[in-house]
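Undergrad: Contents of work02.tsv (TSV, C-alpha atoms):
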chain	number	residue	atom	x	y	z
A	1	MET	CA	110.86	80.58	100.52
A	2	PRO	CA	109.08	78.01	98.34
A	3	PRO	CA	107.35	78.99	95.12
A	4	TYR	CA	103.64	79.67	95.21
A	5	VAL	CA	100.82	78.43	93.05
A	6	VAL	CA	97.11	79.02	92.66
A	7	SER	CA	95.55	77.58	95.80
A	8	VAL	CA	92.07	76.86	94.49
A	9	HIS	CA	90.38	75.56	91.38
A	10	LEU	CA	89.95	78.46	89.01
A	11	ASP	CA	86.20	78.88	88.70
A	12	PRO	CA	85.25	79.43	85.04
A	13	ASN	CA	82.37	81.62	86.20
A	14	LEU	CA	84.49	83.67	88.57
A	15	ASN	CA	84.65	86.69	86.31
A	16	CYS	CA	81.47	86.43	84.25
A	17	GLY	CA	78.71	89.02	84.59
A	18	GLU	CA	79.25	91.07	87.73
A	19	GLU	CA	82.87	90.18	88.36
A	20	ALA	CA	84.20	89.38	91.80
A	21	ARG	CA	86.68	92.01	92.97
A	22	SER	CA	88.63	89.63	95.16
A	23	ALA	CA	89.64	86.02	94.93
A	24	SER	CA	91.43	83.32	96.88
A	25	SER	CA	94.66	83.51	98.82
A	26	ILE	CA	98.00	81.99	97.92
A	27	ARG	CA	99.74	79.18	99.74
A	28	PRO	CA	103.10	77.36	99.58
A	29	MET	CA	103.31	74.72	96.86
A	30	PRO	CA	103.10	71.39	98.76
A	31	THR	CA	105.28	69.32	96.42
A	32	PRO	CA	107.24	69.97	93.25
A	33	SER	CA	105.08	67.45	91.39
A	34	SER	CA	101.96	69.58	91.82
A	35	SER	CA	103.13	71.85	89.00
A	36	SER	CA	104.34	69.10	86.65
A	37	ASP	CA	101.42	69.65	84.27
A	38	ALA	CA	102.50	73.28	83.90
A	39	ASP	CA	105.59	72.39	81.85
A	40	PRO	CA	105.61	74.90	78.95
A	41	THR	CA	107.74	72.68	76.70
A	42	GLY	CA	106.17	72.55	73.25
A	43	PHE	CA	103.37	74.97	74.22
A	44	ARG	CA	102.35	76.71	70.99
A	45	VAL	CA	102.08	80.42	71.80
A	46	ALA	CA	101.50	83.41	69.53
A	47	VAL	CA	102.66	86.67	71.10
A	48	LEU	CA	101.04	89.64	69.36
A	49	GLY	CA	103.10	92.78	69.80
A	50	TYR	CA	106.78	93.08	70.72
A	51	GLY	CA	106.90	95.98	73.11
A	52	ASN	CA	107.81	96.09	76.79
A	53	GLN	CA	105.73	93.11	77.89
A	54	GLY	CA	105.50	91.26	74.58
A	55	ARG	CA	109.27	90.95	74.27
A	56	ALA	CA	109.66	89.62	77.81
A	57	HIS	CA	106.85	87.07	77.41
A	58	ALA	CA	108.17	85.87	74.05
A	59	LEU	CA	111.77	85.50	75.21
A	60	ASN	CA	110.91	83.86	78.53
A	61	LEU	CA	108.47	81.40	76.96
A	62	ARG	CA	110.98	80.48	74.27
A	63	ASP	CA	113.73	79.95	76.83
A	64	ALA	CA	111.33	77.78	78.86
A	65	GLY	CA	110.78	75.48	75.88
A	66	ALA	CA	107.59	76.84	74.37
A	67	SER	CA	107.14	77.15	70.61
A	68	VAL	CA	106.74	80.91	70.21
A	69	THR	CA	105.58	82.82	67.14
A	70	VAL	CA	105.73	86.61	67.22
A	71	GLY	CA	103.07	88.59	65.43
A	72	ALA	CA	104.24	92.12	64.73
A	73	ARG	CA	103.64	94.80	62.13
A	74	SER	CA	106.62	96.28	60.34
A	75	GLY	CA	108.44	98.79	62.51
A	76	PRO	CA	110.74	98.95	65.55
A	77	GLY	CA	109.03	96.03	67.30
A	78	ALA	CA	109.40	93.72	64.33
A	79	ARG	CA	113.06	94.72	63.88
A	80	LEU	CA	113.76	94.08	67.57
A	81	ALA	CA	112.07	90.68	67.35
A	82	GLU	CA	114.28	89.80	64.38
A	83	SER	CA	117.39	90.84	66.29
A	84	ASP	CA	116.26	88.51	69.11
A	85	GLY	CA	116.08	85.59	66.72
A	86	PHE	CA	112.37	85.54	65.93
A	87	LEU	CA	110.82	85.66	62.46
A	88	PRO	CA	107.88	88.02	63.00
A	89	VAL	CA	104.82	87.39	60.85
A	90	SER	CA	101.39	88.95	60.39
A	91	PHE	CA	98.90	88.60	63.23
A	92	ASP	CA	96.66	86.15	61.38
A	93	ALA	CA	99.63	83.96	60.41
A	94	ALA	CA	100.95	84.02	63.98
A	95	VAL	CA	97.74	82.66	65.51
A	96	ALA	CA	97.06	79.96	62.88
A	97	THR	CA	98.29	77.00	64.95
A	98	ALA	CA	98.41	78.54	68.44
A	99	GLU	CA	97.11	77.00	71.64
A	100	LEU	CA	97.45	80.40	73.33
A	101	VAL	CA	97.30	83.86	71.78
A	102	VAL	CA	98.86	86.53	74.02
A	103	MET	CA	97.49	90.03	73.40
A	104	ALA	CA	100.60	92.07	74.15
A	105	LEU	CA	99.33	95.11	72.25
A	106	PRO	CA	98.16	98.46	73.69
A	107	ASP	CA	94.72	98.22	75.30
A	108	GLU	CA	93.17	100.77	72.96
A	109	VAL	CA	93.83	98.67	69.83
A	110	HIS	CA	92.58	95.31	71.17
A	111	GLY	CA	89.04	95.78	69.87
A	112	PRO	CA	89.81	96.86	66.29
A	113	ILE	CA	92.53	94.25	65.85
A	114	TRP	CA	90.43	91.47	67.34
A	115	SER	CA	87.58	92.14	64.93
A	116	GLU	CA	89.98	91.40	62.04
A	117	LEU	CA	91.83	88.57	63.77
A	118	GLU	CA	89.18	86.42	65.45
A	119	ALA	CA	88.27	84.41	62.35
A	120	HIS	CA	91.86	83.16	62.17
A	121	VAL	CA	92.09	81.99	65.81
A	122	PRO	CA	91.87	78.17	66.06
A	123	HIS	CA	88.84	76.53	67.65
A	124	GLY	CA	89.39	75.84	71.36
A	125	CYS	CA	92.39	78.16	71.65
A	126	SER	CA	92.86	80.43	74.68
A	127	VAL	CA	93.25	84.18	74.33
A	128	GLY	CA	95.53	85.58	77.01
A	129	PHE	CA	95.63	89.10	78.42
A	130	ILE	CA	98.39	90.80	80.39
A	131	HIS	CA	95.96	93.45	81.69
A	132	GLY	CA	92.26	93.11	82.43
A	133	PHE	CA	91.22	96.41	80.83
A	134	SER	CA	89.80	95.42	77.44
A	135	ILE	CA	87.85	92.39	78.67
A	136	HIS	CA	86.55	94.04	81.83
A	137	HIS	CA	85.40	97.08	79.85
A	138	GLN	CA	84.04	94.91	77.03
A	139	ARG	CA	86.21	96.34	74.28
A	140	LEU	CA	86.10	92.89	72.68
A	141	LYS	CA	84.17	89.67	73.24
A	142	PRO	CA	85.98	86.52	72.11
A	143	ARG	CA	84.02	83.63	70.61
A	144	ALA	CA	82.27	81.23	72.96
A	145	ASP	CA	84.61	78.34	72.10
A	146	LEU	CA	87.72	80.26	73.16
A	147	GLY	CA	89.26	80.40	76.58
A	148	VAL	CA	89.78	83.91	77.94
A	149	ILE	CA	92.54	84.03	80.55
A	150	LEU	CA	94.63	86.52	82.49
A	151	VAL	CA	98.29	86.35	83.52
A	152	ALA	CA	99.29	89.84	84.63
A	153	PRO	CA	102.89	90.12	85.90
A	154	LYS	CA	103.16	92.75	88.61
A	155	GLY	CA	106.09	94.56	87.10
A	156	PRO	CA	107.34	95.96	83.79
A	157	GLY	CA	108.63	93.76	81.00
A	158	PRO	CA	112.36	94.40	81.61
A	159	THR	CA	111.93	93.34	85.25
A	160	LEU	CA	110.03	90.20	84.20
A	161	ARG	CA	112.83	89.32	81.80
A	162	GLY	CA	115.66	90.25	84.17
A	163	ARG	CA	114.32	88.09	87.00
A	164	PHE	CA	113.73	85.18	84.64
A	165	VAL	CA	117.33	85.26	83.41
A	166	LYS	CA	118.47	85.13	87.05
A	167	GLY	CA	116.32	82.05	87.68
A	168	GLN	CA	113.80	84.09	89.65
A	169	GLY	CA	110.33	85.47	88.98
A	170	ILE	CA	107.84	88.17	89.91
A	171	PRO	CA	104.26	87.56	91.09
A	172	ALA	CA	101.38	87.62	88.61
A	173	LEU	CA	97.63	87.94	89.03
A	174	VAL	CA	95.82	85.15	87.18
A	175	GLY	CA	92.20	84.44	86.31
A	176	VAL	CA	89.85	82.65	83.95
A	177	HIS	CA	87.05	84.75	82.47
A	178	GLN	CA	85.76	82.17	80.02
A	179	VAL	CA	86.64	78.50	79.62
A	180	GLY	CA	84.95	77.83	76.29
A	181	GLU	CA	86.28	74.60	74.80
A	182	ALA	CA	89.89	75.33	75.74
A	183	ASP	CA	91.96	73.85	78.54
A	184	ALA	CA	91.99	77.32	80.02
A	185	GLU	CA	93.25	76.50	83.52
A	186	LEU	CA	96.14	74.46	82.14
A	187	HIS	CA	96.97	77.31	79.77
A	188	VAL	CA	97.14	79.70	82.74
A	189	ARG	CA	99.58	77.41	84.53
A	190	ARG	CA	101.77	76.77	81.48
A	191	TRP	CA	101.88	80.48	80.62
A	192	GLY	CA	102.62	81.49	84.23
A	193	ALA	CA	105.36	78.88	84.48
A	194	GLY	CA	106.79	79.75	81.07
A	195	ILE	CA	107.37	83.41	81.90
A	196	GLY	CA	108.80	82.60	85.33
A	197	CYS	CA	106.00	84.03	87.46
A	198	ALA	CA	105.23	80.61	89.00
A	199	ARG	CA	108.68	80.82	90.62
A	200	ALA	CA	107.25	83.60	92.78
A	201	ALA	CA	103.42	83.56	92.95
A	202	LEU	CA	100.41	83.03	90.72
A	203	ILE	CA	97.76	84.89	92.68
A	204	PRO	CA	94.10	84.05	91.90
A	205	SER	CA	92.28	87.19	90.81
A	206	SER	CA	89.80	88.41	88.20
A	207	PHE	CA	89.84	90.71	85.20
A	208	ALA	CA	87.86	93.26	87.23
A	209	GLU	CA	90.14	93.18	90.26
A	210	GLU	CA	93.31	93.33	88.20
A	211	CYS	CA	92.04	96.15	86.00
A	212	GLU	CA	90.62	98.35	88.75
A	213	THR	CA	93.47	97.92	91.24
A	214	ASP	CA	96.11	98.34	88.54
A	215	LEU	CA	94.57	101.56	87.25
A	216	PHE	CA	94.10	102.87	90.78
A	217	GLY	CA	97.67	102.08	91.80
A	218	GLU	CA	99.05	103.74	88.68
A	219	GLN	CA	96.95	106.85	89.16
A	220	ALA	CA	97.00	107.21	92.94
A	221	ILE	CA	100.67	106.56	93.60
A	222	LEU	CA	102.93	104.77	91.09
A	223	CYS	CA	102.69	107.16	88.15
A	224	GLY	CA	100.18	109.92	88.90
A	225	GLY	CA	100.34	110.58	92.63
A	226	ILE	CA	104.10	110.35	93.02
A	227	LEU	CA	104.75	112.64	90.07
A	228	ALA	CA	102.21	115.16	91.32
A	229	LEU	CA	103.81	115.18	94.78
A	230	MET	CA	107.32	115.48	93.34
A	231	ARG	CA	106.30	118.30	91.00
A	232	ALA	CA	104.53	120.22	93.77
A	233	SER	CA	107.53	119.77	96.10
A	234	PHE	CA	109.97	120.83	93.36
A	235	GLU	CA	107.90	123.95	92.63
A	236	THR	CA	107.68	124.80	96.33
A	237	LEU	CA	111.46	124.87	96.66
A	238	HIS	CA	111.83	126.69	93.31
A	239	ASP	CA	109.35	129.38	94.36
A	240	ALA	CA	111.18	129.77	97.67
A	241	GLY	CA	114.38	130.65	95.78
A	242	TYR	CA	116.31	127.40	95.93
A	243	SER	CA	118.12	126.21	92.80
A	244	ASP	CA	116.34	123.85	90.45
A	245	GLU	CA	119.18	121.34	90.57
A	246	VAL	CA	119.09	121.11	94.37
A	247	ALA	CA	115.28	120.94	94.33
A	248	TYR	CA	115.45	118.11	91.78
A	249	ILE	CA	117.99	116.12	93.78
A	250	GLU	CA	116.06	116.48	97.03
A	251	CYS	CA	112.55	115.90	95.73
A	252	ILE	CA	113.08	113.47	92.84
A	253	HIS	CA	116.57	112.02	92.40
A	254	GLU	CA	116.94	110.71	95.96
A	255	LEU	CA	113.57	108.96	95.82
A	256	LYS	CA	115.12	105.82	94.32
A	257	GLN	CA	117.29	105.20	97.36
A	258	VAL	CA	114.26	105.17	99.64
A	259	VAL	CA	112.07	103.19	97.23
A	260	ASP	CA	114.78	100.54	96.86
A	261	LEU	CA	114.68	100.03	100.62
A	262	LEU	CA	110.89	99.77	100.58
A	263	TYR	CA	110.98	97.40	97.60
A	264	ALA	CA	113.49	95.00	99.13
A	265	GLN	CA	112.79	95.19	102.86
A	266	GLY	CA	109.52	97.01	103.58
A	267	PRO	CA	108.51	100.20	105.40
A	268	SER	CA	109.95	99.33	108.83
A	269	ALA	CA	113.39	98.63	107.40
A	270	MET	CA	113.26	101.91	105.51
A	271	HIS	CA	112.54	103.76	108.75
A	272	GLN	CA	115.48	102.01	110.41
A	273	ALA	CA	117.82	103.01	107.58
A	274	ILE	CA	117.14	106.75	107.71
A	275	SER	CA	118.16	109.26	110.36
A	276	ASN	CA	116.01	110.03	113.40
A	277	THR	CA	115.52	113.53	112.01
A	278	ALA	CA	114.21	112.13	108.74
A	279	GLU	CA	111.95	109.59	110.44
A	280	PHE	CA	110.55	112.18	112.88
A	281	GLY	CA	109.88	114.54	109.98
A	282	ALA	CA	108.22	111.76	108.02
A	283	PHE	CA	105.66	111.26	110.77
A	284	VAL	CA	105.05	115.02	111.00
A	285	ALA	CA	104.48	115.30	107.24
A	286	ALA	CA	102.27	112.21	107.13
A	287	GLU	CA	99.87	113.77	109.64
A	288	ARG	CA	99.60	116.95	107.59
A	289	LEU	CA	99.40	115.43	104.11
A	290	ASP	CA	97.13	112.48	104.88
A	291	SER	CA	93.99	114.58	105.17
A	292	GLN	CA	90.31	113.90	104.62
A	293	GLU	CA	90.64	115.87	101.39
A	294	LEU	CA	93.36	113.49	100.17
A	295	ARG	CA	91.28	110.43	101.11
A	296	GLY	CA	88.32	111.95	99.30
A	297	GLN	CA	90.39	112.48	96.15
A	298	LEU	CA	91.62	108.87	96.27
A	299	GLN	CA	88.07	107.60	96.66
A	300	SER	CA	87.06	109.78	93.72
A	301	LEU	CA	89.78	108.23	91.57
A	302	LEU	CA	88.61	104.75	92.50
A	303	ARG	CA	84.96	105.52	91.77
A	304	ASP	CA	85.95	106.98	88.40
A	305	ILE	CA	87.72	103.73	87.56
A	306	GLN	CA	85.02	101.41	88.92
A	307	SER	CA	82.22	103.22	87.08
A	308	GLY	CA	83.95	102.86	83.71
A	309	ALA	CA	84.12	106.64	83.25
A	310	PHE	CA	87.92	106.62	83.05
A	311	ALA	CA	87.87	103.84	80.44
A	312	GLN	CA	85.31	105.75	78.38
A	313	ARG	CA	87.36	108.97	78.42
A	314	PHE	CA	90.48	107.04	77.48
A	315	ALA	CA	88.69	105.33	74.59
A	316	GLU	CA	87.19	108.61	73.30
A	317	ASP	CA	90.56	110.38	73.45
A	318	ALA	CA	92.23	107.46	71.64
A	319	GLU	CA	89.58	107.43	68.90
A	320	ALA	CA	90.11	111.17	68.37
A	321	GLY	CA	93.89	110.73	68.02
A	322	HIS	CA	94.74	111.43	71.69
A	323	PRO	CA	94.47	115.27	71.66
A	324	TRP	CA	94.13	115.58	75.47
A	325	PHE	CA	96.80	112.95	76.12
A	326	ASN	CA	99.31	114.53	73.74
A	327	ALA	CA	98.71	118.02	75.15
A	328	LYS	CA	99.43	116.75	78.66
A	329	ARG	CA	102.58	114.98	77.47
A	330	SER	CA	103.85	118.18	75.81
A	331	ALA	CA	103.15	120.31	78.89
A	332	HIS	CA	104.93	117.81	81.13
A	333	ASP	CA	107.99	117.65	78.85
A	334	ALA	CA	108.25	121.45	78.93
A	335	HIS	CA	108.32	121.66	82.75
A	336	ALA	CA	111.45	122.98	84.48
A	337	ILE	CA	111.86	119.58	86.13
A	338	GLU	CA	113.07	118.16	82.82
A	339	SER	CA	115.89	120.67	82.35
A	340	ALA	CA	116.92	120.24	85.99
A	341	SER	CA	116.85	116.48	85.51
A	342	ALA	CA	119.13	116.69	82.48
A	343	LYS	CA	121.67	118.82	84.34
A	344	VAL	CA	121.73	116.49	87.36
A	345	ARG	CA	122.02	113.34	85.23
A	346	GLU	CA	124.91	114.86	83.27
A	347	THR	CA	126.95	114.68	86.47
A	348	MET	CA	126.30	110.93	86.72
A	349	PRO	CA	126.43	109.46	83.18
A	350	TRP	CA	126.58	105.93	84.59
A	351	LEU	CA	122.94	106.19	85.68
A	352	GLU	CA	121.76	105.29	82.17
A	353	ASN	CA	123.33	101.84	82.58
A	354	ASP	CA	121.41	101.31	85.86
A	355	ALA	CA	117.98	101.73	84.22
Just give me the structure as structure tokens.
TA:
Amino acid sequence: MPPYVVSVHLDPNLNCGEEARSASSIRPMPTPSSSSDADPTGFRVAVLGYGNQGRAHALNLRDAGASVTVGARSGPGARLAESDGFLPVSFDAAVATAELVVMALPDEVHGPIWSELEAHVPHGCSVGFIHGFSIHHQRLKPRADLGVILVAPKGPGPTLRGRFVKGQGIPALVGVHQVGEADAELHVRRWGAGIGCARAALIPSSFAEECETDLFGEQAILCGGILALMRASFETLHDAGYSDEVAYIECIHELKQVVDLLYAQGPSAMHQAISNTAEFGAFVAAERLDSQELRGQLQSLLRDIQSGAFAQRFAEDAEAGHPWFNAKRSAHDAHAIESASAKVRETMPWLENDA
């Protein structure tokens, strides 16, 4: 399959004001020369933060020929950057000569850090975001002369890096919120090419669409919904007298085998790979679980995200030191699932190397 590129001109007004929640389609790249201006060689990029995504972006861009400066405060991130061959500097020093500043920091700190940093960002630079949250919810407003762009890989940093090393890539949602006096569209293409996402797909989107769909997916299925379903299933077997280790294996551990099939080949192939008993039971369970109540809860999650209420609660909890968040983390870590998980994983120590 050929690589994919943005199929339409990125409209600088696409995401201003009331943002569009959908954008153009993707199409096969007609000729290799159409992406020649996306060569990241010599592209001056400051990557702020060296966590999951920041590390992958910095390493991939450097390997692609970009001139990468890492901005990181003293701590584990800075030490890891040093071990990877970077010389991390302060945020303001990192951005001094940048054409693109990548905000690879947690969403909740974008606003406070930007208020201190903006004066040091060069005129006509682009500010790049990996997630649409802080721009869509107006946690910061970059100067009018700056480009404001989005390249959001649809996968975690280790996956982005792993695929790049193999000569592959993962799709990314891309958008231009503000052109300013920057070459914002070119910066999108050079960034997307530099991290390897142009090898797969650069899908035209908006800060609003990326933010709202990403939050919904995380809450409804990827992180929230799936854990809730696994926990409820685990507790059902536990309460019925089955052992915690067996309940864990059946309701949690074996999930990866099925998800791997879905990931690589899609739902139909997954159905073909399981037994008739399992497939028949899947259809029975789907009819019972996929109720109007479930659909109503999903719609409620989406409305909460779209209205900005979720973002406001997140911001308020962060400003207070995350009391609600930390309490939930502690309660989750104390659940019987964790002890069952440890016992099951002890029988397969090689799993840690598969992560």
Undergrad: Nearest residue to Cys125 in chain A out of A:Ala104, A:Ala184, A:Ala94, A:Ala232, using only C-alpha atoms?
TA: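 With only C-alpha atoms as the atom set, the closest residue is A:Ala184.
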Undergrad: Quick one: contact table of range 180-239 of chain A to range 245-259 of chain A, 7 Å max, nearest atom pair and distance in Å to one decimal per residue, counting only C-alpha atoms, chain and number order, as a tab-separated table?
TA:
residue	atom	partner	partner_atom	distance
A:Met230	CA	A:Cys251	CA	5.8
A:Ser233	CA	A:Cys251	CA	6.3
A:Phe234	CA	A:Ala247	CA	5.4
A:Leu237	CA	A:Ala247	CA	6.0
A:His238	CA	A:Ala247	CA	6.8
Undergrad: Hey, can you pull every residue with an atom no more than 6 Å from (101.8, 95.3, 66.2), using only C-alpha atoms, and send it as an MDAnalysis selection string?
TA: chainID A and resid 49 72:73
Undergrad: Need the shell around range 154-156 of chain A: protein/DNA/RNA residues with any atom at most 8 Å away, counting only C-alpha atoms. Skip same-chain ones fewer than 6 positions apart. Format as a PyMOL selection string?
TA: chain A and resi 52-53+170-173
Undergrad: By how many Å are CA of Cys223 in chain A and CA of Ile149 in chain A apart?
TA: 26.4 Å
Undergrad: Take the point (85.9, 82.0, 71.1) as written in the file and pick out every residue within 10 Å of it, counting all atoms listed in the file; give the list as a ChimeraX atom specification.
TA: /A:118-119,121-127,141-148,178-182
Undergrad: Okay, now the selection with C-alpha atoms, as a JSON list (two decimals), in the frame of the given file?
TA:
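Written file, again_36.json:
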[["chain", "number", "residue", "atom", "x", "y", "z"],
["A", 118, "GLU", "CA", 89.18, 86.42, 65.45],
["A", 119, "ALA", "CA", 88.27, 84.41, 62.35],
["A", 121, "VAL", "CA", 92.09, 81.99, 65.81],
["A", 122, "PRO", "CA", 91.87, 78.17, 66.06],
["A", 123, "HIS", "CA", 88.84, 76.53, 67.65],
["A", 124, "GLY", "CA", 89.39, 75.84, 71.36],
["A", 125, "CYS", "CA", 92.39, 78.16, 71.65],
["A", 126, "SER", "CA", 92.86, 80.43, 74.68],
["A", 127, "VAL", "CA", 93.25, 84.18, 74.33],
["A", 141, "LYS", "CA", 84.17, 89.67, 73.24],
["A", 142, "PRO", "CA", 85.98, 86.52, 72.11],
["A", 143, "ARG", "CA", 84.02, 83.63, 70.61],
["A", 144, "ALA", "CA", 82.27, 81.23, 72.96],
["A", 145, "ASP", "CA", 84.61, 78.34, 72.10],
["A", 146, "LEU", "CA", 87.72, 80.26, 73.16],
["A", 147, "GLY", "CA", 89.26, 80.40, 76.58],
["A", 148, "VAL", "CA", 89.78, 83.91, 77.94],
["A", 178, "GLN", "CA", 85.76, 82.17, 80.02],
["A", 179, "VAL", "CA", 86.64, 78.50, 79.62],
["A", 180, "GLY", "CA", 84.95, 77.83, 76.29],
["A", 181, "GLU", "CA", 86.28, 74.60, 74.80],
["A", 182, "ALA", "CA", 89.89, 75.33, 75.74]]
Undergrad: Just give me the gap between CA of Val151 in chain A and CA of Ile130 in chain A in Å, one decimal is fine.
TA: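 Pair CA of Val151 in chain A / CA of Ile130 in chain A returns 5.4 Å.
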Undergrad: Between A:Asp63, A:Asp317, A:Asp84, A:Glu352, which residue has the minimum interatomic distance to Tyr50 in chain A, considering only C-alpha atoms?
TA: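 Nearest to Tyr50 in chain A: A:Asp84.
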Undergrad: Using all atoms listed in the file, which of A:Leu117, A:Ala240, A:Ala58, A:Ala66 sits nearest Ala38 in chain A?
TA: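 Nearest to Ala38 in chain A: A:Ala66.
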Undergrad: Which residue, A:Phe164, A:Phe86, A:Trp114, A:Phe133, has the smallest gap to Ile305 in chain A when you use only C-alpha atoms?
TA: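 Closest to Ile305 in chain A, using only C-alpha atoms: A:Phe133.
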Undergrad: How many Å separate CA of Ala340 in chain A from CA of Asp244 in chain A?
TA: 5.8 Å
Undergrad: Restore all heavy atoms in range 180-187 of chain A and list the result as a PDB file, in the frame of the given file.
TA:
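Result went into out-v6.pdb, see below:
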ATOM      1  N   GLY A 180      85.240  78.260  77.646  1.00  0.00           N
ATOM      2  CA  GLY A 180      84.950  77.830  76.290  1.00  0.00           C
ATOM      3  C   GLY A 180      85.236  76.351  76.115  1.00  0.00           C
ATOM      4  O   GLY A 180      84.911  75.540  76.989  1.00  0.00           O
ATOM      5  N   GLU A 181      85.894  75.992  75.041  1.00  0.00           N
ATOM      6  CA  GLU A 181      86.280  74.600  74.800  1.00  0.00           C
ATOM      7  C   GLU A 181      87.790  74.441  74.883  1.00  0.00           C
ATOM      8  O   GLU A 181      88.357  73.472  74.350  1.00  0.00           O
ATOM      9  CB  GLU A 181      85.747  74.150  73.440  1.00  0.00           C
ATOM     10  CG  GLU A 181      84.227  74.181  73.359  1.00  0.00           C
ATOM     11  CD  GLU A 181      83.700  73.813  71.988  1.00  0.00           C
ATOM     12  OE1 GLU A 181      84.363  73.013  71.293  1.00  0.00           O
ATOM     13  OE2 GLU A 181      82.640  74.335  71.608  1.00  0.00           O
ATOM     14  N   ALA A 182      88.439  75.367  75.563  1.00  0.00           N
ATOM     15  CA  ALA A 182      89.890  75.330  75.740  1.00  0.00           C
ATOM     16  C   ALA A 182      90.237  74.722  77.093  1.00  0.00           C
ATOM     17  O   ALA A 182      89.398  74.668  78.001  1.00  0.00           O
ATOM     18  CB  ALA A 182      90.454  76.752  75.657  1.00  0.00           C
ATOM     19  N   ASP A 183      91.459  74.294  77.233  1.00  0.00           N
ATOM     20  CA  ASP A 183      91.960  73.850  78.540  1.00  0.00           C
ATOM     21  C   ASP A 183      92.512  75.086  79.250  1.00  0.00           C
ATOM     22  O   ASP A 183      93.717  75.231  79.474  1.00  0.00           O
ATOM     23  CB  ASP A 183      93.038  72.783  78.351  1.00  0.00           C
ATOM     24  CG  ASP A 183      93.215  71.912  79.589  1.00  0.00           C
ATOM     25  OD1 ASP A 183      92.796  72.359  80.678  1.00  0.00           O
ATOM     26  OD2 ASP A 183      93.747  70.813  79.466  1.00  0.00           O
ATOM     27  N   ALA A 184      91.608  75.983  79.589  1.00  0.00           N
ATOM     28  CA  ALA A 184      91.990  77.320  80.020  1.00  0.00           C
ATOM     29  C   ALA A 184      92.847  77.320  81.282  1.00  0.00           C
ATOM     30  O   ALA A 184      93.827  78.069  81.379  1.00  0.00           O
ATOM     31  CB  ALA A 184      90.739  78.176  80.234  1.00  0.00           C
ATOM     32  N   GLU A 185      92.490  76.505  82.265  1.00  0.00           N
ATOM     33  CA  GLU A 185      93.250  76.500  83.520  1.00  0.00           C
ATOM     34  C   GLU A 185      94.665  75.988  83.293  1.00  0.00           C
ATOM     35  O   GLU A 185      95.625  76.525  83.855  1.00  0.00           O
ATOM     36  CB  GLU A 185      92.520  75.660  84.555  1.00  0.00           C
ATOM     37  CG  GLU A 185      91.170  76.248  84.948  1.00  0.00           C
ATOM     38  CD  GLU A 185      90.405  75.332  85.893  1.00  0.00           C
ATOM     39  OE1 GLU A 185      91.049  74.514  86.579  1.00  0.00           O
ATOM     40  OE2 GLU A 185      89.174  75.426  85.941  1.00  0.00           O
ATOM     41  N   LEU A 186      94.809  74.957  82.459  1.00  0.00           N
ATOM     42  CA  LEU A 186      96.140  74.460  82.140  1.00  0.00           C
ATOM     43  C   LEU A 186      96.932  75.530  81.405  1.00  0.00           C
ATOM     44  O   LEU A 186      98.134  75.720  81.663  1.00  0.00           O
ATOM     45  CB  LEU A 186      96.046  73.206  81.272  1.00  0.00           C
ATOM     46  CG  LEU A 186      97.382  72.639  80.766  1.00  0.00           C
ATOM     47  CD1 LEU A 186      98.293  72.260  81.933  1.00  0.00           C
ATOM     48  CD2 LEU A 186      97.152  71.457  79.851  1.00  0.00           C
ATOM     49  N   HIS A 187      96.287  76.255  80.508  1.00  0.00           N
ATOM     50  CA  HIS A 187      96.970  77.310  79.770  1.00  0.00           C
ATOM     51  C   HIS A 187      97.462  78.405  80.713  1.00  0.00           C
ATOM     52  O   HIS A 187      98.549  78.962  80.505  1.00  0.00           O
ATOM     53  CB  HIS A 187      96.049  77.878  78.700  1.00  0.00           C
ATOM     54  CG  HIS A 187      95.747  76.903  77.605  1.00  0.00           C
ATOM     55  ND1 HIS A 187      94.743  77.112  76.680  1.00  0.00           N
ATOM     56  CD2 HIS A 187      96.308  75.699  77.283  1.00  0.00           C
ATOM     57  CE1 HIS A 187      94.699  76.087  75.840  1.00  0.00           C
ATOM     58  NE2 HIS A 187      95.635  75.227  76.180  1.00  0.00           N
TER      59      HIS A 187
END
